[in-house]
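Participant: What follows is data.txt, compact mmCIF, N, CA and C atoms.
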```txt
# COMPACT_ATOMS: atom_id res chain seq x y z
N MET A 1 -59.64 -38.93 202.02
CA MET A 1 -61.00 -39.36 201.82
C MET A 1 -61.12 -40.80 202.26
N THR A 2 -62.11 -41.09 203.06
CA THR A 2 -62.39 -42.46 203.47
C THR A 2 -63.35 -43.08 202.48
N VAL A 3 -63.04 -44.31 202.07
CA VAL A 3 -63.90 -45.01 201.12
C VAL A 3 -64.75 -45.99 201.89
N GLU A 4 -66.05 -45.77 201.90
CA GLU A 4 -66.95 -46.67 202.59
C GLU A 4 -67.17 -47.93 201.75
N ALA A 5 -67.42 -49.04 202.42
CA ALA A 5 -67.59 -50.33 201.73
C ALA A 5 -68.68 -50.27 200.67
N ARG A 6 -69.77 -49.57 200.93
CA ARG A 6 -70.86 -49.54 199.95
C ARG A 6 -70.50 -48.71 198.73
N GLN A 7 -69.43 -47.92 198.79
CA GLN A 7 -69.02 -47.09 197.67
C GLN A 7 -67.92 -47.73 196.84
N ALA A 8 -67.37 -48.85 197.27
CA ALA A 8 -66.25 -49.47 196.59
C ALA A 8 -66.57 -50.93 196.31
N GLU A 9 -66.24 -51.38 195.12
CA GLU A 9 -66.45 -52.77 194.78
C GLU A 9 -65.10 -53.40 194.44
N PRO A 10 -64.85 -54.63 194.90
CA PRO A 10 -63.56 -55.27 194.63
C PRO A 10 -63.35 -55.48 193.13
N LEU A 11 -62.10 -55.36 192.71
CA LEU A 11 -61.73 -55.66 191.34
C LEU A 11 -61.13 -57.06 191.30
N GLN A 12 -61.42 -57.79 190.28
CA GLN A 12 -60.80 -59.10 190.11
C GLN A 12 -59.37 -58.88 189.65
N ARG A 13 -58.47 -59.84 189.91
CA ARG A 13 -57.05 -59.70 189.57
C ARG A 13 -56.85 -59.33 188.10
N LEU A 14 -57.51 -60.01 187.20
CA LEU A 14 -57.34 -59.70 185.78
C LEU A 14 -57.76 -58.28 185.49
N GLY A 15 -58.85 -57.84 186.11
CA GLY A 15 -59.31 -56.47 185.91
C GLY A 15 -58.29 -55.45 186.39
N THR A 16 -57.64 -55.73 187.49
CA THR A 16 -56.66 -54.77 188.01
C THR A 16 -55.47 -54.68 187.08
N ILE A 17 -55.06 -55.78 186.47
CA ILE A 17 -53.92 -55.74 185.56
C ILE A 17 -54.22 -54.82 184.39
N TRP A 18 -55.42 -54.87 183.84
CA TRP A 18 -55.75 -54.00 182.72
C TRP A 18 -55.82 -52.54 183.16
N LEU A 19 -56.18 -52.28 184.39
CA LEU A 19 -56.24 -50.90 184.85
C LEU A 19 -54.86 -50.30 185.01
N TRP A 20 -53.93 -51.02 185.62
CA TRP A 20 -52.64 -50.39 185.88
C TRP A 20 -51.68 -50.48 184.72
N ARG A 21 -51.98 -51.25 183.71
CA ARG A 21 -51.09 -51.39 182.55
C ARG A 21 -50.79 -50.06 181.85
N PRO A 22 -51.78 -49.21 181.53
CA PRO A 22 -51.47 -48.04 180.71
C PRO A 22 -50.88 -46.85 181.46
N LEU A 23 -50.84 -46.87 182.76
CA LEU A 23 -50.35 -45.71 183.50
C LEU A 23 -48.84 -45.72 183.63
N TRP A 24 -48.30 -44.58 184.03
CA TRP A 24 -46.85 -44.47 184.12
C TRP A 24 -46.36 -43.98 185.47
N CYS A 25 -47.24 -43.73 186.41
CA CYS A 25 -46.79 -43.23 187.70
C CYS A 25 -47.55 -43.91 188.83
N GLY A 26 -46.81 -44.34 189.81
CA GLY A 26 -47.39 -44.94 191.00
C GLY A 26 -46.62 -44.49 192.21
N ARG A 27 -46.96 -45.01 193.37
CA ARG A 27 -46.26 -44.67 194.60
C ARG A 27 -45.63 -45.93 195.18
N LEU A 28 -44.33 -45.88 195.34
CA LEU A 28 -43.55 -46.98 195.90
C LEU A 28 -43.43 -46.77 197.40
N ALA A 29 -43.78 -47.79 198.18
CA ALA A 29 -43.69 -47.70 199.65
C ALA A 29 -42.77 -48.80 200.15
N TYR A 30 -41.89 -48.43 201.06
CA TYR A 30 -40.97 -49.41 201.66
C TYR A 30 -40.47 -48.85 202.99
N SER A 31 -39.92 -49.73 203.79
CA SER A 31 -39.32 -49.32 205.05
C SER A 31 -37.81 -49.18 204.83
N GLY A 32 -37.31 -47.96 204.92
CA GLY A 32 -35.90 -47.69 204.68
C GLY A 32 -35.15 -47.37 205.96
N ARG A 33 -33.92 -47.01 205.80
CA ARG A 33 -33.08 -46.74 206.99
C ARG A 33 -33.52 -45.52 207.77
N PHE A 34 -34.29 -44.63 207.13
CA PHE A 34 -34.78 -43.44 207.83
C PHE A 34 -36.26 -43.57 208.18
N GLY A 35 -36.80 -44.78 208.06
CA GLY A 35 -38.21 -45.01 208.37
C GLY A 35 -39.00 -45.29 207.10
N LEU A 36 -40.31 -45.18 207.22
CA LEU A 36 -41.20 -45.45 206.10
C LEU A 36 -41.02 -44.41 205.01
N ALA A 37 -40.95 -44.88 203.76
CA ALA A 37 -40.82 -43.98 202.61
C ALA A 37 -41.92 -44.30 201.60
N VAL A 38 -42.53 -43.27 201.06
CA VAL A 38 -43.51 -43.40 199.99
C VAL A 38 -43.12 -42.38 198.93
N LEU A 39 -42.73 -42.87 197.76
CA LEU A 39 -42.20 -42.01 196.71
C LEU A 39 -42.91 -42.23 195.39
N PRO A 40 -43.10 -41.18 194.59
CA PRO A 40 -43.65 -41.38 193.25
C PRO A 40 -42.59 -42.02 192.36
N VAL A 41 -43.00 -42.98 191.55
CA VAL A 41 -42.08 -43.62 190.60
C VAL A 41 -42.76 -43.79 189.25
N GLY A 42 -42.00 -43.59 188.21
CA GLY A 42 -42.45 -43.92 186.87
C GLY A 42 -42.17 -45.40 186.65
N TYR A 43 -43.06 -46.06 185.95
CA TYR A 43 -42.86 -47.50 185.75
C TYR A 43 -43.41 -47.93 184.40
N GLN A 44 -43.06 -49.13 184.02
CA GLN A 44 -43.70 -49.78 182.88
C GLN A 44 -44.01 -51.21 183.29
N VAL A 45 -44.95 -51.82 182.60
CA VAL A 45 -45.34 -53.20 182.88
C VAL A 45 -44.63 -54.09 181.87
N GLN A 46 -43.95 -55.11 182.38
CA GLN A 46 -43.27 -56.09 181.51
C GLN A 46 -43.58 -57.48 182.02
N GLU A 47 -44.28 -58.24 181.21
CA GLU A 47 -44.57 -59.64 181.53
C GLU A 47 -45.17 -59.79 182.93
N GLY A 48 -46.11 -58.92 183.28
CA GLY A 48 -46.80 -59.01 184.56
C GLY A 48 -46.06 -58.42 185.74
N SER A 49 -44.90 -57.84 185.51
CA SER A 49 -44.13 -57.20 186.58
C SER A 49 -44.04 -55.70 186.33
N LEU A 50 -43.79 -54.94 187.39
CA LEU A 50 -43.53 -53.52 187.27
C LEU A 50 -42.03 -53.31 187.24
N VAL A 51 -41.55 -52.46 186.34
CA VAL A 51 -40.13 -52.13 186.26
C VAL A 51 -40.02 -50.62 186.36
N PHE A 52 -39.15 -50.15 187.25
CA PHE A 52 -38.99 -48.71 187.38
C PHE A 52 -37.53 -48.34 187.52
N HIS A 53 -37.22 -47.08 187.23
CA HIS A 53 -35.86 -46.55 187.26
C HIS A 53 -35.65 -45.78 188.56
N ILE A 54 -34.51 -46.03 189.19
CA ILE A 54 -34.09 -45.19 190.33
C ILE A 54 -32.62 -44.85 190.12
N ALA A 55 -32.20 -43.71 190.62
CA ALA A 55 -30.82 -43.27 190.44
C ALA A 55 -29.86 -44.18 191.22
N LEU A 56 -28.81 -44.61 190.53
CA LEU A 56 -27.79 -45.46 191.14
C LEU A 56 -27.12 -44.70 192.29
N GLY A 57 -27.04 -45.33 193.46
CA GLY A 57 -26.41 -44.71 194.61
C GLY A 57 -27.32 -43.79 195.40
N SER A 58 -28.56 -43.64 194.96
CA SER A 58 -29.50 -42.78 195.68
C SER A 58 -29.93 -43.46 196.99
N PRO A 59 -30.52 -42.72 197.91
CA PRO A 59 -31.00 -43.36 199.15
C PRO A 59 -31.98 -44.50 198.87
N THR A 60 -32.85 -44.35 197.87
CA THR A 60 -33.79 -45.42 197.54
C THR A 60 -33.04 -46.65 197.02
N ASP A 61 -32.07 -46.43 196.15
CA ASP A 61 -31.26 -47.53 195.63
C ASP A 61 -30.57 -48.27 196.77
N GLU A 62 -29.96 -47.54 197.67
CA GLU A 62 -29.26 -48.17 198.79
C GLU A 62 -30.23 -48.88 199.73
N ASP A 63 -31.40 -48.27 199.98
CA ASP A 63 -32.37 -48.89 200.88
C ASP A 63 -32.91 -50.21 200.32
N LEU A 64 -33.07 -50.30 199.01
CA LEU A 64 -33.65 -51.50 198.41
C LEU A 64 -32.63 -52.60 198.14
N ARG A 65 -31.38 -52.37 198.48
CA ARG A 65 -30.35 -53.41 198.33
C ARG A 65 -30.10 -54.04 199.70
N THR A 66 -30.29 -55.35 199.78
CA THR A 66 -30.10 -56.03 201.06
C THR A 66 -28.64 -56.35 201.32
N GLY A 67 -27.84 -56.46 200.26
CA GLY A 67 -26.45 -56.86 200.42
C GLY A 67 -26.30 -58.37 200.54
N ILE A 68 -27.40 -59.09 200.45
CA ILE A 68 -27.38 -60.55 200.56
C ILE A 68 -27.86 -61.13 199.23
N GLU A 69 -27.01 -61.92 198.59
CA GLU A 69 -27.34 -62.53 197.30
C GLU A 69 -28.65 -63.31 197.39
N GLY A 70 -29.57 -63.01 196.50
CA GLY A 70 -30.84 -63.73 196.42
C GLY A 70 -31.88 -63.32 197.45
N ALA A 71 -31.53 -62.40 198.34
CA ALA A 71 -32.50 -61.97 199.36
C ALA A 71 -33.54 -61.06 198.72
N GLU A 72 -34.74 -61.07 199.28
CA GLU A 72 -35.83 -60.25 198.75
C GLU A 72 -36.16 -59.11 199.70
N TYR A 73 -36.50 -57.98 199.12
CA TYR A 73 -36.89 -56.80 199.88
C TYR A 73 -38.34 -56.51 199.53
N LYS A 74 -39.25 -56.72 200.46
CA LYS A 74 -40.67 -56.56 200.18
C LYS A 74 -41.06 -55.09 200.14
N VAL A 75 -41.80 -54.74 199.08
CA VAL A 75 -42.25 -53.37 198.89
C VAL A 75 -43.73 -53.38 198.50
N ALA A 76 -44.31 -52.21 198.45
CA ALA A 76 -45.70 -52.06 197.99
C ALA A 76 -45.75 -50.92 196.99
N VAL A 77 -46.69 -51.02 196.06
CA VAL A 77 -46.92 -49.97 195.09
C VAL A 77 -48.42 -49.69 195.05
N GLU A 78 -48.78 -48.42 195.04
CA GLU A 78 -50.18 -48.02 194.91
C GLU A 78 -50.31 -47.22 193.64
N ILE A 79 -51.34 -47.57 192.85
CA ILE A 79 -51.63 -46.88 191.60
C ILE A 79 -53.11 -46.55 191.63
N ASP A 80 -53.47 -45.33 191.21
CA ASP A 80 -54.89 -44.99 191.23
C ASP A 80 -55.24 -44.04 190.10
N ASP A 81 -56.52 -43.91 189.88
CA ASP A 81 -57.07 -42.95 188.94
C ASP A 81 -58.45 -42.56 189.47
N VAL A 82 -58.50 -41.46 190.19
CA VAL A 82 -59.75 -40.99 190.78
C VAL A 82 -60.06 -39.63 190.17
N GLY A 83 -61.30 -39.46 189.70
CA GLY A 83 -61.70 -38.21 189.07
C GLY A 83 -61.55 -37.02 190.00
N ALA A 84 -61.44 -35.84 189.41
CA ALA A 84 -61.28 -34.61 190.20
C ALA A 84 -62.42 -34.39 191.16
N ASP A 85 -63.61 -34.89 190.80
CA ASP A 85 -64.77 -34.72 191.69
C ASP A 85 -64.86 -35.84 192.72
N ALA A 86 -63.92 -36.79 192.69
CA ALA A 86 -63.87 -37.92 193.64
C ALA A 86 -65.15 -38.75 193.63
N GLN A 87 -65.88 -38.71 192.52
CA GLN A 87 -67.12 -39.48 192.42
C GLN A 87 -66.90 -40.89 191.92
N ASP A 88 -65.89 -41.08 191.09
CA ASP A 88 -65.59 -42.43 190.63
C ASP A 88 -64.12 -42.54 190.25
N GLY A 89 -63.67 -43.78 190.12
CA GLY A 89 -62.28 -44.07 189.81
C GLY A 89 -61.92 -45.44 190.31
N TRP A 90 -60.65 -45.67 190.53
CA TRP A 90 -60.20 -46.96 191.02
C TRP A 90 -58.83 -46.81 191.66
N PHE A 91 -58.46 -47.79 192.46
CA PHE A 91 -57.10 -47.86 192.99
C PHE A 91 -56.68 -49.32 193.07
N VAL A 92 -55.38 -49.54 192.93
CA VAL A 92 -54.80 -50.88 192.97
C VAL A 92 -53.62 -50.84 193.93
N PHE A 93 -53.53 -51.86 194.77
CA PHE A 93 -52.44 -52.02 195.73
C PHE A 93 -51.69 -53.30 195.34
N ILE A 94 -50.38 -53.19 195.20
CA ILE A 94 -49.55 -54.32 194.77
C ILE A 94 -48.43 -54.52 195.77
N GLN A 95 -48.19 -55.76 196.18
CA GLN A 95 -47.04 -56.10 197.02
C GLN A 95 -46.18 -57.09 196.27
N GLY A 96 -44.88 -57.03 196.52
CA GLY A 96 -43.96 -57.98 195.91
C GLY A 96 -42.54 -57.66 196.32
N ALA A 97 -41.63 -58.50 195.87
CA ALA A 97 -40.21 -58.31 196.18
C ALA A 97 -39.56 -57.43 195.13
N ALA A 98 -38.70 -56.51 195.56
CA ALA A 98 -37.95 -55.65 194.66
C ALA A 98 -36.64 -56.33 194.31
N HIS A 99 -36.36 -56.45 193.02
CA HIS A 99 -35.12 -57.06 192.54
C HIS A 99 -34.40 -56.08 191.63
N HIS A 100 -33.15 -55.76 191.96
CA HIS A 100 -32.35 -54.91 191.08
C HIS A 100 -31.99 -55.69 189.82
N LEU A 101 -32.07 -55.02 188.69
CA LEU A 101 -31.70 -55.62 187.41
C LEU A 101 -30.27 -55.17 187.11
N ASP A 102 -29.32 -55.92 187.62
CA ASP A 102 -27.93 -55.49 187.54
C ASP A 102 -27.19 -55.95 186.29
N SER A 103 -27.67 -56.99 185.61
CA SER A 103 -26.94 -57.48 184.44
C SER A 103 -27.26 -56.65 183.21
N GLY A 104 -26.36 -56.68 182.22
CA GLY A 104 -26.57 -55.97 180.97
C GLY A 104 -27.81 -56.46 180.25
N HIS A 105 -28.07 -57.77 180.30
CA HIS A 105 -29.26 -58.33 179.66
C HIS A 105 -30.52 -57.79 180.33
N ASP A 106 -30.52 -57.73 181.67
CA ASP A 106 -31.66 -57.19 182.39
C ASP A 106 -31.91 -55.74 182.00
N HIS A 107 -30.84 -54.95 181.88
CA HIS A 107 -30.99 -53.54 181.51
C HIS A 107 -31.56 -53.40 180.11
N ALA A 108 -31.08 -54.21 179.19
CA ALA A 108 -31.56 -54.12 177.81
C ALA A 108 -33.04 -54.43 177.73
N SER A 109 -33.51 -55.39 178.53
CA SER A 109 -34.93 -55.74 178.49
C SER A 109 -35.78 -54.73 179.24
N ALA A 110 -35.20 -54.01 180.18
CA ALA A 110 -35.98 -53.08 181.00
C ALA A 110 -36.30 -51.79 180.26
N GLY A 111 -35.29 -51.18 179.64
CA GLY A 111 -35.53 -49.89 179.01
C GLY A 111 -35.88 -48.86 180.07
N PRO A 112 -35.98 -47.61 179.71
CA PRO A 112 -36.30 -46.58 180.69
C PRO A 112 -37.81 -46.46 180.93
N PRO A 113 -38.35 -47.06 182.00
CA PRO A 113 -39.78 -46.95 182.26
C PRO A 113 -40.18 -45.54 182.61
N GLY A 114 -41.35 -45.14 182.14
CA GLY A 114 -41.88 -43.82 182.49
C GLY A 114 -41.04 -42.69 181.96
N GLY A 115 -40.26 -42.93 180.92
CA GLY A 115 -39.44 -41.87 180.34
C GLY A 115 -37.97 -42.13 180.57
N GLN A 116 -37.17 -41.18 180.17
CA GLN A 116 -35.72 -41.31 180.27
C GLN A 116 -35.24 -41.03 181.69
N PRO A 117 -34.12 -41.67 182.09
CA PRO A 117 -33.54 -41.35 183.40
C PRO A 117 -33.14 -39.88 183.46
N SER A 118 -33.03 -39.34 184.66
CA SER A 118 -32.60 -37.96 184.83
C SER A 118 -31.20 -37.78 184.29
N ALA A 119 -30.91 -36.59 183.79
CA ALA A 119 -29.59 -36.30 183.25
C ALA A 119 -28.52 -36.55 184.32
N GLY A 120 -27.45 -37.19 183.94
CA GLY A 120 -26.35 -37.42 184.87
C GLY A 120 -26.50 -38.65 185.74
N THR A 121 -27.60 -39.41 185.59
CA THR A 121 -27.76 -40.62 186.40
C THR A 121 -27.50 -41.84 185.54
N GLN A 122 -27.02 -42.88 186.17
CA GLN A 122 -26.79 -44.13 185.47
C GLN A 122 -28.07 -44.95 185.49
N ASP A 123 -28.25 -45.79 184.43
CA ASP A 123 -29.40 -46.66 184.40
C ASP A 123 -29.36 -47.63 185.57
N ASN A 124 -30.43 -47.70 186.30
CA ASN A 124 -30.55 -48.59 187.44
C ASN A 124 -32.03 -48.95 187.55
N PHE A 125 -32.35 -50.20 187.27
CA PHE A 125 -33.73 -50.62 187.22
C PHE A 125 -34.06 -51.61 188.33
N VAL A 126 -35.30 -51.55 188.79
CA VAL A 126 -35.79 -52.46 189.81
C VAL A 126 -37.08 -53.08 189.28
N ARG A 127 -37.22 -54.39 189.45
CA ARG A 127 -38.41 -55.12 189.02
C ARG A 127 -39.17 -55.59 190.26
N ILE A 128 -40.49 -55.41 190.23
CA ILE A 128 -41.37 -55.92 191.28
C ILE A 128 -42.32 -56.91 190.62
N THR A 129 -42.22 -58.16 191.03
CA THR A 129 -43.15 -59.18 190.56
C THR A 129 -44.22 -59.32 191.63
N PRO A 130 -45.47 -58.98 191.30
CA PRO A 130 -46.53 -58.99 192.31
C PRO A 130 -46.77 -60.37 192.93
N THR A 131 -46.85 -60.39 194.26
CA THR A 131 -47.26 -61.59 194.99
C THR A 131 -48.67 -61.39 195.56
N PHE A 132 -49.11 -60.13 195.58
CA PHE A 132 -50.44 -59.81 196.07
C PHE A 132 -50.93 -58.57 195.31
N ILE A 133 -52.16 -58.65 194.80
CA ILE A 133 -52.78 -57.51 194.11
C ILE A 133 -54.21 -57.38 194.62
N ALA A 134 -54.58 -56.18 195.01
CA ALA A 134 -55.95 -55.90 195.43
C ALA A 134 -56.34 -54.56 194.84
N GLY A 135 -57.60 -54.41 194.55
CA GLY A 135 -58.05 -53.14 194.01
C GLY A 135 -59.53 -52.94 194.22
N ARG A 136 -59.96 -51.71 194.07
CA ARG A 136 -61.36 -51.36 194.21
C ARG A 136 -61.72 -50.33 193.15
N ARG A 137 -62.92 -50.49 192.64
CA ARG A 137 -63.49 -49.47 191.76
C ARG A 137 -64.41 -48.62 192.63
N LEU A 138 -64.30 -47.31 192.50
CA LEU A 138 -65.10 -46.39 193.30
C LEU A 138 -66.24 -45.85 192.45
N ARG A 139 -67.44 -45.93 193.00
CA ARG A 139 -68.61 -45.38 192.30
C ARG A 139 -69.51 -44.74 193.35
N ARG A 140 -69.77 -43.47 193.21
CA ARG A 140 -70.58 -42.77 194.20
C ARG A 140 -71.90 -42.29 193.63
N HIS A 141 -72.29 -42.72 192.41
CA HIS A 141 -73.58 -42.30 191.89
C HIS A 141 -74.56 -43.43 191.98
```
When written as structure tokens, how does the structure in this file appear?

Facilitator:
Amino acid sequence: MTVEARQAEPLQRLGTIWLWRPLWCGRLAYSGRFGLAVLPVGYQVQEGSLVFHIALGSPTDEDLRTGIEGAEYKVAVEIDDVGADAQDGWFVFIQGAAHHLDSGHDHASAGPPGGQPSAGTQDNFVRITPTFIAGRRLRRH
């Protein structure tokens, strides 16, 4: 669906934070070794950042590790809530650097966002601190 400018109004940054806070699923987009990837991820909001779980050693885990201490891997996350009739709703686009939470302290503060990790996987958390947030509220009436 194409959203025409007259049907969408910009959301202010503070407004977007309140919209994406209560949800638990978004889409993570990044450029990986096999090309562009867009994957659903469960997340939680902690101190203005998104934290999500990915399986240790998975292709996503490996793609988001630069192998360079302190290096940043830029990613995007899209979160939305559009009614079944597509008449109203909103979407938020977030960009930021993905940081693995490798220390025990980081893991303790992260907890399992969006539910428990899959059976047989080790806890592996990634934090995205937004550097850019944009959103639109959709109204077609």

Participant: Taking into account all atoms listed in the file, which residue in the set A:Ala134, A:Cys25, A:Arg33, A:Thr129 is nearest to Leu64 (chain A)?

Facilitator: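 Ranking A:Ala134, A:Cys25, A:Arg33, A:Thr129 by distance to Leu64 (chain A), first place goes to A:Arg33.
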
Participant: So, with only N, CA and C atoms as the atoms that count, which of A:Gly67, A:Ala84, A:Val77, A:Pro130 lies closest to Ala97 (chain A)?

Facilitator: A:Pro130

Participant: Here is a test: counting only N, CA and C atoms, which residue of A:Phe132, A:Val41, A:Phe52, A:Gly70 is nearest to Arg27 (chain A)?

Facilitator: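 Result for the nearest residue to Arg27 (chain A): A:Val41.
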
Participant: Quick one, how far is CA of Arg127 (chain A) from CA of Ile54 (chain A)?

Facilitator: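 A separation of 10.9 Å between them.
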
Participant: Given the choices A:Leu28, A:Val75, A:Ala37, A:Asp80, which gets closest to Ile94 (chain A) if the distance is worked out from all atoms listed in the file?

Facilitator: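 Using all atoms listed in the file, Ile94 (chain A) sits closest to A:Val75.
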
Participant: Quick one, how far is atom C of Phe91 (chain A) from CA of Arg137 (chain A)?

Facilitator: 6.9 Å

Participant: What does the structure give for the distance between atom N of Gly42 (chain A) and CA of Ala71 (chain A), in Å to one decimal?

Facilitator: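 Taking atom N of Gly42 (chain A) as the start and CA of Ala71 (chain A) as the end point, the length is 23.5 Å.
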
Participant: Using only C-alpha atoms, pick whichever of A:Trp24, A:Tyr73, A:Tyr43, A:Trp90 has the shortest atom-to-atom distance to Arg140 (chain A).

Facilitator: A:Trp90

Participant: If you run DSSP over the backbone, which residues in region 18-111 of chain A end up strand (DSSP E or B)? Put them as JSON, numbers by chain.

Facilitator: {"A": [25, 26, 27, 28, 29, 30, 31, 32, 35, 36, 37, 38, 39, 40, 41, 42, 43, 44, 45, 46, 49, 50, 51, 52, 53, 73, 74, 75, 76, 77, 78, 79, 80, 81, 82, 88, 89, 90, 91, 92, 93, 94, 95, 96, 97, 98, 99, 100, 101]}
